[in-house]
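Raw contents of data17.cif, mmCIF, C-alpha atoms and all ligand atoms:
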```
data_data
#
loop_
_atom_site.label_atom_id
_atom_site.label_comp_id
_atom_site.auth_asym_id
_atom_site.auth_seq_id
_atom_site.Cartn_x
_atom_site.Cartn_y
_atom_site.Cartn_z
CA MET H 235 -72.73 142.85 54.86
CA VAL H 236 -69.82 140.69 56.10
CA ARG H 237 -70.53 137.21 57.49
CA SER H 238 -67.80 134.78 58.50
CA GLY H 239 -65.15 136.43 56.39
CA PHE H 240 -67.06 136.88 53.15
CA ASP H 241 -69.32 139.60 51.77
CA VAL H 242 -72.92 138.95 50.75
CA MET H 243 -74.48 141.06 48.00
CA GLU H 244 -77.95 141.00 46.41
CA LYS H 245 -78.38 140.48 42.67
CA GLY H 246 -81.59 142.46 42.14
CA SER H 247 -83.52 140.94 45.07
CA VAL H 248 -83.05 139.64 48.60
CA VAL H 249 -83.57 136.08 47.31
CA ASN H 250 -80.83 136.17 44.68
CA LEU H 251 -77.43 136.46 46.38
CA VAL H 252 -73.81 136.47 45.38
CA THR H 253 -70.94 136.37 47.86
CA SER H 254 -67.33 137.42 47.56
CA SER H 255 -66.56 133.67 47.70
CA ASP H 256 -68.59 133.02 44.50
CA LEU H 257 -66.53 135.70 42.75
CA ALA H 258 -63.21 134.46 44.15
CA VAL H 259 -63.91 130.81 43.22
CA GLN H 260 -64.90 131.82 39.70
CA ARG H 261 -61.79 133.99 39.26
CA PHE H 262 -59.56 131.14 40.54
CA LEU H 263 -61.12 128.57 38.19
CA VAL H 264 -61.01 130.81 35.12
CA GLU H 265 -57.36 131.62 35.77
CA ARG H 266 -56.29 127.98 36.29
CA LEU H 267 -58.49 126.36 33.61
CA SER H 268 -57.36 128.86 30.95
CA VAL H 269 -53.82 127.65 31.56
CA LEU H 270 -54.90 123.98 31.55
CA LEU H 271 -56.68 124.33 28.20
CA PRO H 272 -55.41 127.38 26.29
CA GLY H 273 -57.98 128.86 23.90
CA SER H 274 -61.01 127.44 25.72
CA GLY H 275 -64.10 129.58 26.41
CA PHE H 276 -66.13 130.10 29.56
CA LEU H 277 -69.80 130.18 30.49
CA CYS H 278 -69.93 131.20 34.16
CA GLU H 279 -72.75 132.38 36.38
CA GLU H 280 -71.11 135.46 37.82
CA ASP H 281 -69.77 138.57 36.12
CA ASP H 282 -71.71 137.82 32.92
CA LEU H 283 -68.84 135.70 31.69
CA GLY H 284 -70.28 133.98 28.62
CA ASP H 285 -67.77 133.52 25.83
CA ILE H 286 -68.94 130.26 24.24
CA SER H 287 -67.67 130.60 20.67
CA HIS H 288 -64.94 127.99 21.20
CA GLU H 289 -64.50 124.26 20.54
CA TYR H 290 -64.00 123.70 24.28
CA VAL H 291 -66.09 125.65 26.80
CA TRP H 292 -65.95 125.44 30.60
CA ILE H 293 -69.42 125.77 32.15
CA ILE H 294 -69.02 126.88 35.74
CA ASP H 295 -71.20 127.54 38.75
CA PRO H 296 -68.63 128.72 41.30
CA ILE H 297 -71.05 128.05 44.16
CA ASP H 298 -74.30 126.22 43.51
CA GLY H 299 -76.42 126.80 46.60
CA THR H 300 -75.21 130.31 47.41
CA ALA H 301 -78.22 131.02 49.65
CA ASN H 302 -77.22 127.98 51.74
CA TYR H 303 -73.55 128.96 51.75
CA ALA H 304 -74.34 132.51 52.88
CA ARG H 305 -76.27 131.12 55.90
CA GLY H 306 -73.79 128.38 56.77
CA ILE H 307 -76.10 125.60 55.55
CA GLN H 308 -73.90 122.83 54.25
CA ASP H 309 -75.59 121.89 50.97
CA CYS H 310 -73.60 123.70 48.32
CA CYS H 311 -70.93 122.84 45.80
CA VAL H 312 -68.59 123.97 43.06
CA SER H 313 -69.72 122.74 39.64
CA VAL H 314 -67.44 122.59 36.60
CA ALA H 315 -68.29 121.03 33.22
CA LEU H 316 -66.28 120.91 30.03
CA SER H 317 -68.15 120.91 26.73
CA LYS H 318 -66.68 120.08 23.32
CA ASP H 319 -68.60 121.27 20.26
CA GLY H 320 -71.72 121.83 22.40
CA GLU H 321 -71.67 118.47 24.21
CA VAL H 322 -70.60 118.00 27.83
CA VAL H 323 -67.65 115.60 27.92
CA ALA H 324 -66.52 115.95 31.55
CA GLY H 325 -68.09 117.12 34.81
CA VAL H 326 -66.94 117.64 38.38
CA VAL H 327 -69.11 118.55 41.37
CA TYR H 328 -67.36 119.14 44.67
CA SER H 329 -69.32 119.61 47.88
CA PRO H 330 -66.71 120.65 50.46
CA TRP H 331 -68.87 120.52 53.58
CA ARG H 332 -70.26 117.10 52.63
CA GLY H 333 -66.69 116.12 51.72
CA GLU H 334 -67.93 114.62 48.43
CA LEU H 335 -66.26 114.75 45.03
CA TYR H 336 -68.37 113.55 42.11
CA TRP H 337 -66.99 113.35 38.61
CA ALA H 338 -67.73 111.81 35.24
CA GLU H 339 -66.20 111.62 31.81
CA LYS H 340 -68.36 110.90 28.75
CA GLY H 341 -68.40 107.15 28.19
CA ALA H 342 -66.23 106.36 31.24
CA GLY H 343 -68.81 106.20 34.04
CA ALA H 344 -69.52 108.32 37.11
CA PHE H 345 -67.66 108.29 40.40
CA LEU H 346 -68.04 109.50 43.97
CA ASP H 347 -64.73 109.83 45.80
CA GLY H 348 -63.18 107.40 43.31
CA ARG H 349 -65.87 104.70 43.56
CA PRO H 350 -68.29 104.01 40.66
CA ILE H 351 -71.89 105.10 41.31
CA LYS H 352 -75.21 104.23 39.75
CA VAL H 353 -78.82 105.32 40.01
CA SER H 354 -81.47 103.48 42.03
CA ASP H 355 -84.00 101.08 40.55
CA ARG H 356 -86.91 102.40 42.64
CA PRO H 357 -90.31 102.71 40.96
CA PHE H 358 -92.12 106.07 40.84
CA SER H 359 -94.33 105.12 43.78
CA ASP H 360 -91.25 104.73 46.02
CA GLY H 361 -89.36 107.66 44.50
CA ILE H 362 -88.06 110.64 46.46
CA LEU H 363 -88.37 113.87 44.50
CA CYS H 364 -85.90 116.73 44.78
CA THR H 365 -87.43 120.00 43.70
CA ALA H 366 -87.82 123.74 44.36
CA MET H 367 -90.45 126.45 44.17
CA SER H 368 -88.78 128.72 41.63
CA ALA H 369 -87.38 131.20 44.18
CA TYR H 370 -86.08 133.64 41.56
CA ARG H 371 -89.43 133.64 39.65
CA LYS H 372 -92.17 133.63 42.28
CA ASP H 373 -94.74 134.31 39.55
CA LEU H 374 -94.22 130.63 38.57
CA ALA H 375 -94.57 129.27 42.12
CA LYS H 376 -98.25 128.26 41.93
CA THR H 377 -97.61 126.08 38.88
CA CYS H 378 -94.56 124.57 40.64
CA TYR H 379 -96.72 123.88 43.67
CA ASP H 380 -99.37 122.09 41.55
CA ILE H 381 -96.75 119.95 39.77
CA ILE H 382 -94.94 119.08 43.02
CA PHE H 383 -98.24 118.23 44.76
CA ASP H 384 -99.25 115.97 41.87
CA ILE H 385 -95.90 114.11 41.98
CA TYR H 386 -95.89 114.00 45.79
CA MET H 387 -99.29 112.27 45.95
CA ARG H 388 -98.04 109.45 43.70
CA SER H 389 -94.51 109.03 45.05
CA ASN H 390 -92.80 108.44 48.39
CA ASP H 391 -91.84 111.98 49.50
CA PHE H 392 -89.92 115.10 48.47
CA ARG H 393 -86.87 117.11 49.55
CA ARG H 394 -85.52 120.61 48.84
CA PHE H 395 -81.81 120.83 49.69
CA GLY H 396 -81.08 124.08 47.83
CA SER H 397 -78.36 122.98 45.41
CA ALA H 398 -79.52 121.54 42.11
CA ALA H 399 -76.08 120.13 41.30
CA VAL H 400 -75.82 118.33 44.66
CA GLU H 401 -79.36 116.99 44.24
CA LEU H 402 -78.70 115.64 40.72
CA CYS H 403 -75.50 113.99 42.01
CA MET H 404 -77.50 112.44 44.86
CA MET H 405 -79.69 110.91 42.18
CA ALA H 406 -76.58 109.63 40.37
CA ALA H 407 -75.55 107.95 43.62
CA GLY H 408 -78.95 106.26 43.99
CA LYS H 409 -80.13 108.29 46.99
CA ILE H 410 -83.02 110.14 45.36
CA ASP H 411 -84.97 109.16 42.27
CA LEU H 412 -87.02 112.01 40.75
CA TYR H 413 -86.22 115.65 39.97
CA PHE H 414 -88.20 118.64 38.80
CA GLU H 415 -87.28 122.28 38.76
CA MET H 416 -89.10 125.02 36.86
CA ARG H 417 -86.12 127.05 35.67
CA LEU H 418 -82.45 126.18 35.93
CA GLN H 419 -79.48 127.60 34.08
CA PRO H 420 -76.88 125.56 32.13
CA TRP H 421 -74.27 126.04 34.87
CA ASP H 422 -76.67 124.48 37.42
CA TYR H 423 -76.93 121.17 35.58
CA ALA H 424 -74.11 120.88 32.99
CA ALA H 425 -71.68 118.91 35.20
CA ALA H 426 -74.26 117.05 37.31
CA GLY H 427 -76.28 116.15 34.19
CA LEU H 428 -73.31 114.23 32.77
CA ILE H 429 -72.59 112.62 36.15
CA LEU H 430 -76.23 111.51 36.25
CA SER H 431 -76.31 110.09 32.73
CA GLU H 432 -72.99 108.29 33.25
CA ALA H 433 -74.55 106.74 36.38
CA GLY H 434 -77.46 105.43 34.28
CA GLY H 435 -79.99 108.21 34.89
CA MET H 436 -81.55 110.64 32.44
CA SER H 437 -82.68 114.24 32.16
CA CYS H 438 -84.60 116.42 29.74
CA GLY H 439 -86.20 119.82 29.28
CA PHE H 440 -89.84 120.83 28.75
CA ASP H 441 -89.88 119.47 25.17
CA GLY H 442 -88.37 116.12 26.22
CA ASN H 443 -85.08 116.99 24.48
CA PRO H 444 -81.70 117.14 26.22
CA LEU H 445 -81.17 120.10 28.56
CA SER H 446 -79.98 123.22 26.72
CA LEU H 447 -76.45 124.51 27.23
CA THR H 448 -77.37 127.95 25.92
CA SER H 449 -80.63 128.91 27.67
CA PRO H 450 -82.56 128.29 30.92
CA SER H 451 -84.57 125.02 31.07
CA VAL H 452 -87.35 123.32 32.89
CA THR H 453 -85.27 120.52 34.38
CA ILE H 454 -86.69 117.03 34.67
CA ALA H 455 -84.55 114.05 35.68
CA ALA H 456 -85.09 110.50 36.86
CA ASN H 457 -83.38 107.22 37.60
CA ASN H 458 -84.95 105.58 34.53
CA GLU H 459 -86.90 106.29 31.36
CA VAL H 460 -90.30 105.20 32.68
CA ASN H 461 -90.06 107.60 35.61
CA LEU H 462 -88.74 110.41 33.39
CA ARG H 463 -91.76 109.98 31.09
CA GLU H 464 -94.12 110.03 34.07
CA LEU H 465 -92.55 113.29 35.31
CA LEU H 466 -92.69 114.87 31.86
CA ASP H 467 -96.37 113.91 31.44
CA THR H 468 -97.12 115.41 34.87
CA VAL H 469 -95.38 118.67 33.95
CA HIS H 470 -97.33 118.84 30.67
CA ARG H 471 -100.63 118.28 32.51
CA HIS H 472 -100.05 121.52 34.44
CA MET H 473 -98.17 123.55 31.86
CA LYS H 474 -99.17 123.58 28.19
CA GLU H 475 -96.28 125.79 27.14
CA LEU H 476 -93.04 127.10 28.49
CA PRO H 477 -93.89 130.17 30.60
CA TYR H 478 -90.62 132.04 29.85
C1 LIG D 1 -79.63 127.68 42.74
C2 LIG D 1 -79.65 126.32 43.38
C3 LIG D 1 -81.04 125.98 43.87
C4 LIG D 1 -82.06 126.08 42.77
C5 LIG D 1 -81.99 127.43 42.09
C6 LIG D 1 -80.57 127.68 41.57
P1 LIG D 1 -77.45 129.22 42.89
O1 LIG D 1 -78.33 128.00 42.26
O2 LIG D 1 -79.24 125.32 42.49
O3 LIG D 1 -81.13 124.68 44.37
O4 LIG D 1 -83.33 125.88 43.32
O5 LIG D 1 -82.89 127.42 41.01
O6 LIG D 1 -80.52 128.91 40.92
O7 LIG D 1 -78.21 130.48 42.60
O8 LIG D 1 -77.29 128.96 44.32
O9 LIG D 1 -76.20 129.12 42.08
CA CA D 2 -76.65 127.42 40.61
CA CA D 3 -74.22 130.00 41.79
#
```

Translate the structure described by the file into structure tokens.
Amino acid sequence: MVRSGFDVMEKGSVVNLVTSSDLAVQRFLVERLSVLLPGSGFLCEEDDLGDISHEYVWIIDPIDGTANYARGIQDCCVSVALSKDGEVVAGVVYSPWRGELYWAEKGAGAFLDGRPIKVSDRPFSDGILCTAMSAYRKDLAKTCYDIIFDIYMRSNDFRRFGSAAVELCMMAAGKIDLYFEMRLQPWDYAAAGLILSEAGGMSCGFDGNPLSLTSPSVTIAANNEVNLRELLDTVHRHMKELPY
């Protein structure tokens, strides 16, 4: 199907889409970044590009929020992280429709359009949660619902914008405060996770350890450690073990 000059294809189901723009952005970035850093590897969402046996690896989501992009909804972005020996050292998230460029370098802070950003100091009770219902794994939706409901009843409100990277950057900029998603991939959070931590926030997986760069993760993030702990405890109340 052609919409507004790009093709939309399904990846196994009507929920999971890829557009010709995702593929073109990924091709462009791989071509240019290979020249910028010769010998680096790539972990990218599309085309099964996952060559991570290198000191430096680019972790790329060419469009995070493809379902939004395909419908002309403006919450989407390009997400690029650079890892060195398995640790993210730089991250860029660009949301063209919002006109926002977030970036961070390990130890050098986080920035939005060149200005330093930091997380909010809101308590859990005043927190806004960004979340999702596990669209690609609807078998996990009931558990998501229970966790979200539990958090919702003890916090201010929740939002679902449809781009994990944009949402984590919104937390870095102090706009939202709590985050839970059942199953994200490294390219969804690699860049935004660094931007968040450089802005003073924190994230973890189901076991409370840092988010994995090699496998999908339950993704929990918050503006501070107390709120992160509260989210993690809530997740554990509803889920005794990782369901995938
Ligand atoms: C998706 C978005 C969405 C999240 C999904 C992700 P995609 O990425 O980040 O917000 O709920 O879990 O897969 O598929 O648009 O790159
Ligand atoms: Ca994504
Ligand atoms: Ca994507």

Practice task
Let me have all residues with an atom within 9 Å of ligand LIG 1 (chain D), counting all atoms listed in the file, laid out as an NGL selection string.
Solution key: :H and (250-252 or 256 or 279 or 295-303 or 310-311 or 365-370 or 394-401 or 415-419 or 421-423)

Practice task
Excluding H:Arg388 and any residue of its chain fewer than 6 positions from it, enumerate the residues within 9 Å of it, using only C-alpha atoms, and give them as a list in words.
Solution key: Phe358, Ser359, Asp360 and Gly361 of chain H

Practice task
Go through H:Asp241, H:Glu459, H:Glu280, H:Glu432 and flag the residue nearest ligand CA 3 (chain D), using all atoms listed in the file for the distances.
Solution key: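 For ligand CA 3 (chain D), the nearest of the given residues is H:Glu280.
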
Handout entry: Nearest to ligand CA 3 (chain D) by atom-to-atom distance, counting only C-alpha atoms and all ligand atoms, from H:Phe262, H:Ile307, H:Val312, H:Glu244
Key =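 Going through H:Phe262, H:Ile307, H:Val312, H:Glu244 one by one, the smallest distance to ligand CA 3 (chain D) is for H:Val312.
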
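Atom pair atom CA of H:Gly439 / atom CA of H:Ile286 has a distance of 20.8 Å (rounded to one decimal).
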
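The coordinates place atom CA of H:Trp292 at 14.5 Å from atom CA of H:Ala338.
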
Handout entry: Nearest residue to H:Val327 from the set H:Ala433, H:Ala426, H:Leu277, H:Glu464 (distances using only C-alpha atoms)
Key =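 Result for the nearest residue to H:Val327: H:Ala426.
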
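Shortest separation to H:Ile294 among H:Glu475, H:Asp281, H:Asp347, H:Glu334 occurs at residue H:Asp281, atoms counted being only C-alpha atoms.
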
Exercise for the section: One decimal, Å: what's the distance from atom CA of H:Asp441 over to atom CA of H:Asp373, could you say? Expected result: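 So the answer is 21.2 Å.
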
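Taking all atoms listed in the file into account, ligand CA 3 (chain D) lies nearest to H:Leu257 out of the set H:Val269, H:Leu257, H:Val242, H:Val264.
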
Problem - Among the residues H:Tyr328, H:Phe440, H:Phe392, H:Tyr413, the one that comes closest to H:Arg471 [using all atoms listed in the file] - result: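 For H:Arg471, the nearest of the candidates is H:Phe440.
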
Work out where the centre of an axis-aligned box around every listed atom of stretch 336-355 of chain H lies and how long its edges are once 6 Å is added on each side; give both in Å to one decimal as AutoDock Vina command-line options.
```
--center_x -73.6 --center_y 107.3 --center_z 37.0 --size_x 32.8 --size_y 24.5 --size_z 29.6
```

Practice task
Starting from the point (-61.4, 131.5, 26.4), work out which residues of protein, DNA or RNA have an atom no more than 8 Å away when counting only C-alpha atoms; state them as a VMD selection string.
Solution key: chain H and resid 268 272 to 276 285 to 286 288 291
